[in-house]
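S.K.: Below is work-v7.txt; it holds compact mmCIF, C-alpha atoms.
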# COMPACT_ATOMS: atom_id res chain seq x y z
CA MET A 1 147.21 -2.41 55.41
CA ASP A 2 145.60 -5.27 53.45
CA ASP A 3 143.76 -4.95 50.14
CA ARG A 4 140.33 -5.12 51.75
CA THR A 5 141.05 -2.27 54.16
CA ARG A 6 142.51 -0.16 51.33
CA ALA A 7 139.51 -0.87 49.12
CA GLU A 8 137.16 0.08 51.97
CA GLU A 9 139.03 3.31 52.52
CA HIS A 10 138.78 4.23 48.83
CA LEU A 11 135.05 3.47 48.82
CA ARG A 12 134.66 5.63 51.93
CA VAL A 13 136.40 8.56 50.18
CA ILE A 14 134.09 8.18 47.17
CA ARG A 15 131.00 8.00 49.34
CA SER A 16 131.84 10.96 51.58
CA LEU A 17 132.73 13.15 48.59
CA MET A 18 129.57 12.19 46.73
CA GLU A 19 127.43 12.88 49.78
CA ARG A 20 129.09 16.21 50.38
CA VAL A 21 128.64 17.53 46.85
CA THR A 22 125.26 16.01 46.13
CA VAL A 23 123.53 17.13 49.33
CA TYR A 24 122.37 20.67 48.64
CA ARG A 25 120.35 22.72 51.06
CA ALA A 26 118.18 24.89 48.81
CA ILE A 27 116.95 26.88 51.82
CA SER A 28 119.52 27.82 54.43
CA ALA A 29 118.71 28.34 58.10
CA PRO A 30 119.06 32.17 57.93
CA THR A 31 116.81 32.27 54.85
CA ALA A 32 114.20 30.16 56.61
CA LEU A 33 114.34 32.51 59.60
CA VAL A 34 113.79 35.58 57.39
CA GLY A 35 110.89 33.77 55.70
CA ALA A 36 109.40 32.68 59.02
CA LEU A 37 109.53 36.07 60.72
CA SER A 38 108.24 38.04 57.72
CA SER A 39 105.44 35.48 57.18
CA LEU A 40 104.41 35.59 60.85
CA ALA A 41 104.35 39.40 60.72
CA VAL A 42 102.17 39.47 57.58
CA ALA A 43 99.93 36.67 58.93
CA GLY A 44 99.41 38.58 62.19
CA TRP A 45 98.56 41.80 60.38
CA MET A 46 96.22 40.06 57.92
CA LEU A 47 94.47 38.10 60.68
CA SER A 48 93.86 41.34 62.55
CA ARG A 49 92.24 42.70 59.37
CA THR A 50 89.97 39.66 59.14
CA GLY A 51 88.95 40.07 62.80
CA PHE A 52 90.52 36.79 63.92
CA ILE A 53 93.04 38.69 66.07
CA GLY A 54 92.21 41.89 67.90
CA SER A 55 88.96 43.76 68.29
CA ALA A 56 87.52 44.00 64.78
CA GLU A 57 83.77 43.44 65.04
CA ARG A 58 83.29 41.68 61.75
CA GLU A 59 85.35 40.05 59.06
CA LEU A 60 86.08 42.46 56.22
CA PRO A 61 85.68 40.99 52.75
CA MET A 62 89.08 40.23 51.25
CA THR A 63 89.64 39.82 47.54
CA SER A 64 92.42 37.84 45.88
CA ARG A 65 94.38 41.04 45.27
CA ASP A 66 93.96 42.14 48.91
CA PHE A 67 95.44 38.78 49.88
CA ILE A 68 98.22 38.46 47.29
CA THR A 69 99.72 41.96 47.59
CA PRO A 70 100.90 41.79 51.25
CA TRP A 71 102.03 38.16 50.86
CA VAL A 72 104.35 39.07 47.98
CA LEU A 73 106.45 41.05 50.49
CA PRO A 74 107.74 38.03 52.47
CA LEU A 75 108.37 36.25 49.16
CA LEU A 76 110.50 39.11 47.81
CA LEU A 77 112.25 39.63 51.14
CA THR A 78 113.07 35.91 51.49
CA ALA A 79 114.22 35.60 47.87
CA ALA A 80 116.50 38.62 48.31
CA ALA A 81 117.86 37.23 51.59
CA ASN A 82 118.46 33.79 50.03
CA THR A 83 120.32 35.35 47.08
CA PHE A 84 122.46 37.38 49.47
CA PHE A 85 123.29 34.40 51.72
CA ILE A 86 124.19 32.17 48.75
CA TRP A 87 126.34 34.94 47.24
CA GLN A 88 128.04 35.53 50.61
CA GLU A 89 128.80 31.82 51.04
CA ALA A 90 130.06 31.52 47.45
CA ALA A 91 132.35 34.54 47.91
CA ARG A 92 133.67 33.17 51.21
CA ASP A 93 134.45 29.74 49.71
CA GLN A 94 135.67 31.29 46.41
CA ARG A 95 133.06 29.36 44.42
CA PRO A 96 130.93 30.59 41.54
CA PHE A 97 127.54 31.96 42.60
CA LEU A 98 125.69 29.62 40.24
CA SER A 99 127.18 26.36 41.57
CA PRO A 100 126.20 22.94 40.15
CA GLY A 101 124.14 22.36 43.31
CA LEU A 102 122.24 25.62 42.92
CA ARG A 103 121.60 24.95 39.22
CA LEU A 104 120.24 21.51 40.05
CA ALA A 105 118.05 22.92 42.85
CA LEU A 106 116.63 25.65 40.57
CA ARG A 107 115.84 23.12 37.84
CA SER A 108 114.03 20.93 40.37
CA LEU A 109 112.09 23.76 42.02
CA LEU A 110 111.03 25.47 38.80
CA PRO A 111 108.06 23.32 37.57
CA ALA A 112 106.01 23.52 40.78
CA MET A 113 106.87 27.19 41.24
CA LEU A 114 105.69 27.94 37.69
CA VAL A 115 102.29 26.35 38.37
CA ALA A 116 101.96 28.33 41.61
CA ALA A 117 102.83 31.52 39.73
CA ALA A 118 100.18 30.72 37.09
CA VAL A 119 97.51 30.18 39.78
CA THR A 120 98.51 33.49 41.38
CA PHE A 121 98.28 35.27 38.01
CA VAL A 122 94.78 33.91 37.35
CA ALA A 123 93.63 34.87 40.88
CA TRP A 124 95.07 38.36 40.42
CA ARG A 125 93.10 38.74 37.18
CA ASN A 126 89.87 37.78 39.01
CA PRO A 127 89.97 40.01 42.08
CA SER A 128 86.25 39.79 42.86
CA ASP A 129 86.37 36.08 43.71
CA LEU A 130 86.07 35.95 47.53
CA ASP A 131 87.14 32.29 47.59
CA GLY A 132 90.32 33.41 45.84
CA PRO A 133 92.48 33.94 48.95
CA LEU A 134 91.97 30.40 50.23
CA ILE A 135 92.50 28.85 46.79
CA VAL A 136 95.69 30.87 46.32
CA ALA A 137 96.95 30.03 49.83
CA LEU A 138 96.32 26.30 49.43
CA SER A 139 98.03 26.38 46.01
CA TRP A 140 101.06 28.18 47.39
CA VAL A 141 101.37 25.81 50.35
CA SER A 142 100.92 22.63 48.31
CA PHE A 143 103.10 23.65 45.33
CA TYR A 144 105.83 24.93 47.62
CA GLY A 145 105.79 21.54 49.38
CA VAL A 146 105.90 19.72 46.04
CA ALA A 147 108.78 21.96 44.90
CA LEU A 148 110.78 21.09 48.02
CA LEU A 149 110.06 17.40 47.54
CA ALA A 150 111.40 17.68 43.98
CA THR A 151 114.83 18.19 45.60
CA LEU A 152 114.45 14.95 47.59
CA ASN A 153 117.33 13.16 45.86
CA PHE A 154 119.94 15.67 46.94
CA ALA A 155 118.34 17.56 49.83
CA PRO A 156 119.08 16.97 53.51
CA ARG A 157 116.41 15.05 55.39
CA SER A 158 115.12 18.16 57.19
CA LEU A 159 114.18 19.75 53.86
CA SER A 160 112.15 16.74 52.75
CA VAL A 161 110.40 16.72 56.15
CA LEU A 162 109.58 20.41 55.56
CA GLY A 163 108.24 19.60 52.09
CA TRP A 164 106.05 16.79 53.39
CA SER A 165 104.76 19.03 56.20
CA PHE A 166 103.53 21.58 53.65
CA VAL A 167 101.91 18.94 51.43
CA VAL A 168 100.22 17.07 54.31
CA THR A 169 98.95 20.33 55.85
CA ALA A 170 97.43 21.44 52.53
CA VAL A 171 95.81 18.04 51.96
CA LEU A 172 94.40 17.86 55.51
CA TRP A 173 93.08 21.43 55.22
CA LEU A 174 91.31 20.54 51.98
CA LEU A 175 89.81 17.40 53.53
CA LEU A 176 88.61 19.32 56.59
CA LEU A 177 86.99 21.92 54.34
CA SER A 178 84.97 19.37 52.44
CA ALA A 179 84.48 16.35 54.74
CA PRO A 180 80.67 15.81 54.89
CA THR A 181 80.64 14.12 58.31
CA LEU A 182 82.68 16.75 60.14
CA PRO A 183 81.19 19.93 61.63
CA VAL A 184 82.09 23.16 59.81
CA ILE A 185 85.12 24.86 61.32
CA PRO A 186 84.68 28.54 60.35
CA VAL A 187 88.30 29.59 60.89
CA LEU A 188 89.47 27.18 58.20
CA HIS A 189 87.40 29.00 55.57
CA GLY A 190 87.71 32.28 53.71
CA ALA A 191 90.34 34.90 54.26
CA THR A 192 90.88 33.84 57.89
CA GLY A 193 91.65 30.27 56.83
CA ALA A 194 93.92 31.50 54.03
CA ASN A 195 96.01 33.63 56.36
CA LEU A 196 96.03 31.01 59.12
CA ILE A 197 97.47 28.32 56.84
CA MET A 198 100.04 30.79 55.49
CA GLY A 199 101.12 31.75 59.02
CA LEU A 200 101.22 28.12 60.15
CA THR A 201 103.23 26.80 57.21
CA PHE A 202 105.44 29.63 55.93
CA GLY A 203 105.73 31.08 59.45
CA VAL A 204 105.77 28.32 62.07
CA TYR A 205 107.11 25.45 59.93
CA HIS A 206 109.97 27.59 58.60
CA LEU A 207 110.80 28.67 62.14
CA ILE A 208 111.05 25.01 63.27
CA TYR A 209 113.11 24.19 60.15
CA ALA A 210 115.49 27.11 60.82
CA VAL A 211 116.14 25.87 64.37
CA ALA A 212 116.68 22.28 63.14
CA ALA A 213 118.99 23.38 60.30
CA TRP A 214 120.99 25.61 62.64
CA SER A 215 121.54 22.82 65.13
CA SER A 216 122.70 20.44 62.35
CA ARG A 217 125.33 22.94 61.18
CA ALA A 218 127.50 21.92 64.11
CA SER A 219 128.03 18.44 62.60
CA PRO A 220 131.62 17.73 61.43
CA LYS A 221 132.59 18.08 57.75
CA PRO A 222 133.66 14.88 55.93
CA PRO A 223 137.33 14.61 54.93
CA THR A 224 138.55 16.05 51.63
CA ALA A 225 140.21 13.88 49.03
CA GLU A 226 143.75 14.99 48.29
CA MET B 227 142.38 -13.66 42.79
CA LEU B 228 141.38 -9.99 43.06
CA ASP B 229 144.03 -7.47 43.90
CA PHE B 230 144.94 -3.83 43.60
CA ASP B 231 147.10 -4.44 40.51
CA LYS B 232 143.94 -4.88 38.47
CA LEU B 233 142.66 -1.41 39.39
CA ASP B 234 142.95 1.33 36.79
CA LYS B 235 146.14 3.22 37.61
CA ALA B 236 144.82 6.48 36.15
CA ILE B 237 141.94 6.50 38.67
CA HIS B 238 143.64 4.71 41.52
CA GLU B 239 145.25 7.72 43.10
CA LYS B 240 143.45 9.61 45.83
CA ALA B 241 143.38 13.03 44.12
CA ARG B 242 142.31 11.60 40.75
CA LEU B 243 139.74 9.45 42.48
CA GLY B 244 138.34 12.65 44.02
CA ILE B 245 138.19 14.33 40.61
CA MET B 246 136.47 11.32 39.00
CA THR B 247 133.98 11.15 41.89
CA LEU B 248 133.02 14.82 41.53
CA LEU B 249 132.69 14.53 37.76
CA ALA B 250 130.40 11.54 38.28
CA THR B 251 127.99 13.61 40.41
CA HIS B 252 127.20 16.50 38.04
CA GLU B 253 127.31 16.99 34.26
CA SER B 254 130.27 19.35 34.29
CA TRP B 255 132.54 21.16 36.70
CA THR B 256 134.63 24.26 36.13
CA PHE B 257 138.29 24.32 37.13
CA GLN B 258 137.54 26.69 40.01
CA GLU B 259 134.73 24.49 41.33
CA LEU B 260 136.96 21.40 41.31
CA LYS B 261 139.80 23.31 42.93
CA SER B 262 137.58 24.68 45.66
CA GLU B 263 135.81 21.39 46.39
CA LEU B 264 138.97 19.29 46.47
CA ASN B 265 141.11 21.92 48.16
CA MET B 266 143.96 21.39 45.67
CA THR B 267 146.54 23.78 44.22
CA ASP B 268 146.30 24.88 40.56
CA GLY B 269 149.41 22.95 39.55
CA ASN B 270 148.36 19.77 41.30
CA LEU B 271 144.88 19.85 39.81
CA VAL B 272 146.16 20.61 36.29
CA THR B 273 148.55 17.64 36.47
CA HIS B 274 145.89 15.17 37.60
CA LEU B 275 143.34 16.47 35.08
CA ARG B 276 145.90 16.09 32.28
CA ILE B 277 146.52 12.44 33.24
CA LEU B 278 142.77 11.74 33.25
CA HIS B 279 142.34 13.59 29.93
CA GLU B 280 145.19 11.63 28.30
CA ALA B 281 143.60 8.40 29.54
CA GLY B 282 140.43 9.46 27.70
CA PHE B 283 138.36 9.68 30.89
CA VAL B 284 137.80 13.43 31.00
CA ALA B 285 136.58 15.82 28.28
CA VAL B 286 137.69 19.45 28.39
CA THR B 287 135.58 22.38 27.17
CA LYS B 288 137.01 25.88 26.91
CA GLU B 289 134.63 28.81 26.50
CA VAL B 290 134.69 32.56 26.95
CA LEU B 291 131.73 33.96 28.83
CA ASP B 292 132.44 37.11 30.81
CA ARG B 293 135.92 35.57 31.20
CA PRO B 294 137.66 32.43 29.90
CA GLN B 295 136.39 29.30 31.61
CA THR B 296 137.45 25.66 31.36
CA SER B 297 134.92 22.94 32.19
CA TYR B 298 135.50 19.24 32.71
CA ALA B 299 133.16 16.30 32.27
CA LEU B 300 133.42 12.53 32.28
CA THR B 301 133.54 10.88 28.86
CA LYS B 302 131.62 7.62 28.23
CA LYS B 303 134.93 5.79 28.67
CA GLY B 304 135.49 7.65 31.95
CA GLN B 305 132.01 6.78 33.26
CA SER B 306 132.51 3.14 32.40
CA ALA B 307 136.03 3.07 33.92
CA PHE B 308 134.74 4.69 37.14
CA GLN B 309 131.90 2.15 37.44
CA ASP B 310 134.32 -0.73 36.81
CA TYR B 311 136.69 0.72 39.39
CA ILE B 312 133.96 0.86 42.07
CA ALA B 313 132.75 -2.64 41.16
CA LEU B 314 136.28 -4.01 41.55
CA LEU B 315 136.73 -2.27 44.91
CA GLU B 316 133.46 -3.83 46.08
CA GLU B 317 134.60 -7.25 44.91
CA ILE B 318 137.87 -6.85 46.81
CA VAL B 319 135.92 -5.93 49.97
CA LYS B 320 133.55 -8.90 49.53
CA ALA B 321 136.41 -11.30 48.83
CA GLY B 322 138.20 -10.10 51.96
CA LYS B 323 135.13 -10.89 54.10
CA LYS B 324 135.07 -14.57 53.05
Can I see the file as structure tokens?
M.R.:
Amino acid sequence: MDDRTRAEEHLRVIRSLMERVTVYRAISAPTALVGALSSLAVAGWMLSRTGFIGSAERELPMTSRDFITPWVLPLLLTAAANTFFIWQEAARDQRPFLSPGLRLALRSLLPAMLVAAAVTFVAWRNPSDLDGPLIVALSWVSFYGVALLATLNFAPRSLSVLGWSFVVTAVLWLLLLSAPTLPVIPVLHGATGANLIMGLTFGVYHLIYAVAAWSSRASPKPPTAE
Amino acid sequence: MLDFDKLDKAIHEKARLGIMTLLATHESWTFQELKSELNMTDGNLVTHLRILHEAGFVAVTKEVLDRPQTSYALTKKGQSAFQDYIALLEEIVKAGKK
């Protein structure tokens, strides 16, 4: 084996190791599935309350608190599921629960999540605002997308696609709400719009992501360096 | 003329290269994390870490949290040596293409 081939092999070892330890999937496929199914269930129930689904004759007024309370359930359920799956994987591989990858992901996700939490807190304190649900929903969708994009440097491509999908959807929704030349699309507004965008993004997008992440799990693992 | 003799002997061993690579990716790694990621035995890992520590490339921090824990990180000298090592490998590859 000549020097060039040996040098190339060493560079390959460095590259594959670096890629393996620096790529961190902050949201696993099972977590995304839990998030998707719980979000679709809540979206369906909420849309039936607004009259968008089912036989309700008129849309019931929905305050910020009416909107936030049921949507906290998928958040708690998904967070608990994610913690369990990470713990399970760490125990299986005999790694610490708080791995360097997880610490890095949490540090990256935190700023956008904090802003979303602050918006939610303010909306909760002003329950009479009937525009609240849509403002909260658009904040959650956009800040969640921004949070995912903050992991761009070490996330797999599918996660950055997911992040962009959330951001683009929120931006398009906002533009459609306020574009002066377009006709008004009633379902985009109010509580119906808020629950539709939540179901579309946290439900449907997560479902697509879960399928994509599951199919990519079959890819071979790079060699270890020993 | 570029050749393998110019490469740093402390790094230029596959296991130690793996350790240096991991330490270059995150601020610090615990012994267990390194062991798990590199799939090495305790004795093997201790030996290679000692060589890197004696070369001044790796700093060792011992602390007691809920249990005693040893963490490893690259020193400035280690970071610089690792960058030089990669640069030399790249030069060898480029020179071989000519």
S.K.: In Å, with one decimal, what is the gap from CA of Ala112 (chain A) to CA of Val146 (chain A)?
M.R.: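 Here the two named atoms are 6.5 Å from each other.
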S.K.: Determine, counting all atoms listed in the file, which protein, DNA and RNA residues have an atom within 10 Å of an atom of Trp124 (chain A); residues of the same chain fewer than 2 positions away are not included. Present the result as a list in words.
M.R.: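 Final neighbour list, sorted by chain and number: Thr63, Ser64, Arg65, Asp66, Phe67, Ile68, Thr69, Ala118, Val119, Thr120, Phe121, Val122, Asn126, Pro127, Ser128, Asp129, Gly132, Pro133 and Val136 of chain A.
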S.K.: Measure the distance from CA of Ile14 (chain A) to CA of Ala299 (chain B) in Å and round it to one decimal.
M.R.: 17.0 Å
S.K.: Find the residues of chain A in contact range of chain B, meaning any atom within 10 Å when counting only C-alpha atoms, and list them as a PyMOL selection string.
M.R.: chain A and resi 2-11+13-22+93-96+99-101+104+223-226
S.K.: Could you work out how far CA of Leu172 (chain A) lies from CA of Leu77 (chain A), giving the answer in Å with one decimal?
M.R.: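 Computing it gives 28.5 Å between the two atoms.
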S.K.: May I have the residues within 8 Å of region 139-141 of chain A as a list in words, using only C-alpha atoms and disregarding those fewer than 6 positions away in the same chain?
M.R.: Ala116, Val119, Phe166, Val167, Ala170, Ile197, Met198, Thr201 and Phe202 of chain A
S.K.: Show me, as a list in words, the residues that have an atom within 6 Å of region 203-217 of chain A when counting all atoms listed in the file, minus same-chain residues fewer than 4 positions from it.
M.R.: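 Those residues are Ala29, Ala32, Leu33, Ala36, Ser39, Leu40 and Gly199 of chain A.
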S.K.: Could you pull the residues within 9 Å of Gly163 (chain A), counting only C-alpha atoms, minus those fewer than 2 positions along the same chain, as a ChimeraX atom specification?
M.R.: /A:142,144-150,152,158-161,165-168
S.K.: Would you mind listing what lies within 10 Å of His279 (chain B) as a PDB file with C-alpha atoms, in the frame of the given file, with all atoms listed in the file counted and same-chain residues fewer than 6 positions away left out?
M.R.:
ATOM      1  CA  ALA B 236     144.820   6.480  36.150  1.00  0.00           C
ATOM      2  CA  THR B 273     148.550  17.640  36.470  1.00  0.00           C
ATOM      3  CA  ALA B 285     136.580  15.820  28.280  1.00  0.00           C
ATOM      4  CA  VAL B 286     137.690  19.450  28.390  1.00  0.00           C
ATOM      5  CA  TYR B 298     135.500  19.240  32.710  1.00  0.00           C
ATOM      6  CA  ALA B 299     133.160  16.300  32.270  1.00  0.00           C
ATOM      7  CA  LEU B 300     133.420  12.530  32.280  1.00  0.00           C
ATOM      8  CA  THR B 301     133.540  10.880  28.860  1.00  0.00           C
ATOM      9  CA  GLY B 304     135.490   7.650  31.950  1.00  0.00           C
TER      10      GLY B 304
END
S.K.: Restricting the calculation to only C-alpha atoms: of A:Ala79, A:Ala179, A:Leu188, A:Ala123, which residue gets closest to Ser28 (chain A)?
M.R.: A:Ala79
S.K.: So that I can look at just that part, could you write region 270-290 of chain B with N, CA and C atoms, as a PDB file, in the first residue's frame?
M.R.:
ATOM      1  N   ASN B 270      -7.108  -0.953  26.724  1.00  0.00           N
ATOM      2  CA  ASN B 270      -6.646  -0.400  25.453  1.00  0.00           C
ATOM      3  C   ASN B 270      -6.827   1.122  25.420  1.00  0.00           C
ATOM      4  N   LEU B 271      -8.007   1.544  25.851  1.00  0.00           N
ATOM      5  CA  LEU B 271      -8.315   2.983  25.807  1.00  0.00           C
ATOM      6  C   LEU B 271      -7.416   3.749  26.793  1.00  0.00           C
ATOM      7  N   VAL B 272      -7.230   3.186  27.990  1.00  0.00           N
ATOM      8  CA  VAL B 272      -6.383   3.841  29.000  1.00  0.00           C
ATOM      9  C   VAL B 272      -4.962   4.023  28.456  1.00  0.00           C
ATOM     10  N   THR B 273      -4.441   2.978  27.817  1.00  0.00           N
ATOM     11  CA  THR B 273      -3.075   3.035  27.266  1.00  0.00           C
ATOM     12  C   THR B 273      -2.936   4.148  26.232  1.00  0.00           C
ATOM     13  N   HIS B 274      -3.884   4.184  25.290  1.00  0.00           N
ATOM     14  CA  HIS B 274      -3.793   5.196  24.217  1.00  0.00           C
ATOM     15  C   HIS B 274      -4.004   6.607  24.771  1.00  0.00           C
ATOM     16  N   LEU B 275      -4.914   6.744  25.738  1.00  0.00           N
ATOM     17  CA  LEU B 275      -5.145   8.073  26.328  1.00  0.00           C
ATOM     18  C   LEU B 275      -3.904   8.545  27.080  1.00  0.00           C
ATOM     19  N   ARG B 276      -3.203   7.601  27.739  1.00  0.00           N
ATOM     20  CA  ARG B 276      -1.997   7.973  28.474  1.00  0.00           C
ATOM     21  C   ARG B 276      -0.919   8.484  27.509  1.00  0.00           C
ATOM     22  N   ILE B 277      -0.779   7.821  26.378  1.00  0.00           N
ATOM     23  CA  ILE B 277       0.225   8.246  25.378  1.00  0.00           C
ATOM     24  C   ILE B 277      -0.099   9.659  24.884  1.00  0.00           C
ATOM     25  N   LEU B 278      -1.374   9.900  24.610  1.00  0.00           N
ATOM     26  CA  LEU B 278      -1.789  11.227  24.116  1.00  0.00           C
ATOM     27  C   LEU B 278      -1.623  12.290  25.215  1.00  0.00           C
ATOM     28  N   HIS B 279      -1.897  11.898  26.463  1.00  0.00           N
ATOM     29  CA  HIS B 279      -1.739  12.831  27.591  1.00  0.00           C
ATOM     30  C   HIS B 279      -0.258  13.181  27.788  1.00  0.00           C
ATOM     31  N   GLU B 280       0.599  12.165  27.712  1.00  0.00           N
ATOM     32  CA  GLU B 280       2.043  12.391  27.895  1.00  0.00           C
ATOM     33  C   GLU B 280       2.617  13.244  26.760  1.00  0.00           C
ATOM     34  N   ALA B 281       1.986  13.142  25.583  1.00  0.00           N
ATOM     35  CA  ALA B 281       2.443  13.970  24.447  1.00  0.00           C
ATOM     36  C   ALA B 281       1.935  15.412  24.576  1.00  0.00           C
ATOM     37  N   GLY B 282       1.074  15.642  25.567  1.00  0.00           N
ATOM     38  CA  GLY B 282       0.539  16.991  25.797  1.00  0.00           C
ATOM     39  C   GLY B 282      -0.649  17.332  24.915  1.00  0.00           C
ATOM     40  N   PHE B 283      -1.236  16.313  24.288  1.00  0.00           N
ATOM     41  CA  PHE B 283      -2.356  16.557  23.364  1.00  0.00           C
ATOM     42  C   PHE B 283      -3.715  16.502  24.060  1.00  0.00           C
ATOM     43  N   VAL B 284      -3.779  15.792  25.168  1.00  0.00           N
ATOM     44  CA  VAL B 284      -5.076  15.573  25.824  1.00  0.00           C
ATOM     45  C   VAL B 284      -5.023  16.012  27.293  1.00  0.00           C
ATOM     46  N   ALA B 285      -6.031  16.793  27.698  1.00  0.00           N
ATOM     47  CA  ALA B 285      -6.144  17.216  29.101  1.00  0.00           C
ATOM     48  C   ALA B 285      -7.135  16.295  29.808  1.00  0.00           C
ATOM     49  N   VAL B 286      -6.841  15.969  31.048  1.00  0.00           N
ATOM     50  CA  VAL B 286      -7.698  15.054  31.814  1.00  0.00           C
ATOM     51  C   VAL B 286      -8.329  15.813  32.982  1.00  0.00           C
ATOM     52  N   THR B 287      -9.645  15.658  33.137  1.00  0.00           N
ATOM     53  CA  THR B 287     -10.339  16.282  34.274  1.00  0.00           C
ATOM     54  C   THR B 287     -11.059  15.198  35.065  1.00  0.00           C
ATOM     55  N   LYS B 288     -10.761  15.147  36.367  1.00  0.00           N
ATOM     56  CA  LYS B 288     -11.449  14.153  37.212  1.00  0.00           C
ATOM     57  C   LYS B 288     -12.395  14.895  38.138  1.00  0.00           C
ATOM     58  N   GLU B 289     -13.657  14.449  38.186  1.00  0.00           N
ATOM     59  CA  GLU B 289     -14.620  15.093  39.072  1.00  0.00           C
ATOM     60  C   GLU B 289     -15.547  14.037  39.665  1.00  0.00           C
ATOM     61  N   VAL B 290     -16.138  14.392  40.790  1.00  0.00           N
ATOM     62  CA  VAL B 290     -17.081  13.464  41.422  1.00  0.00           C
ATOM     63  C   VAL B 290     -18.458  14.107  41.392  1.00  0.00           C
TER      64      VAL B 290
END
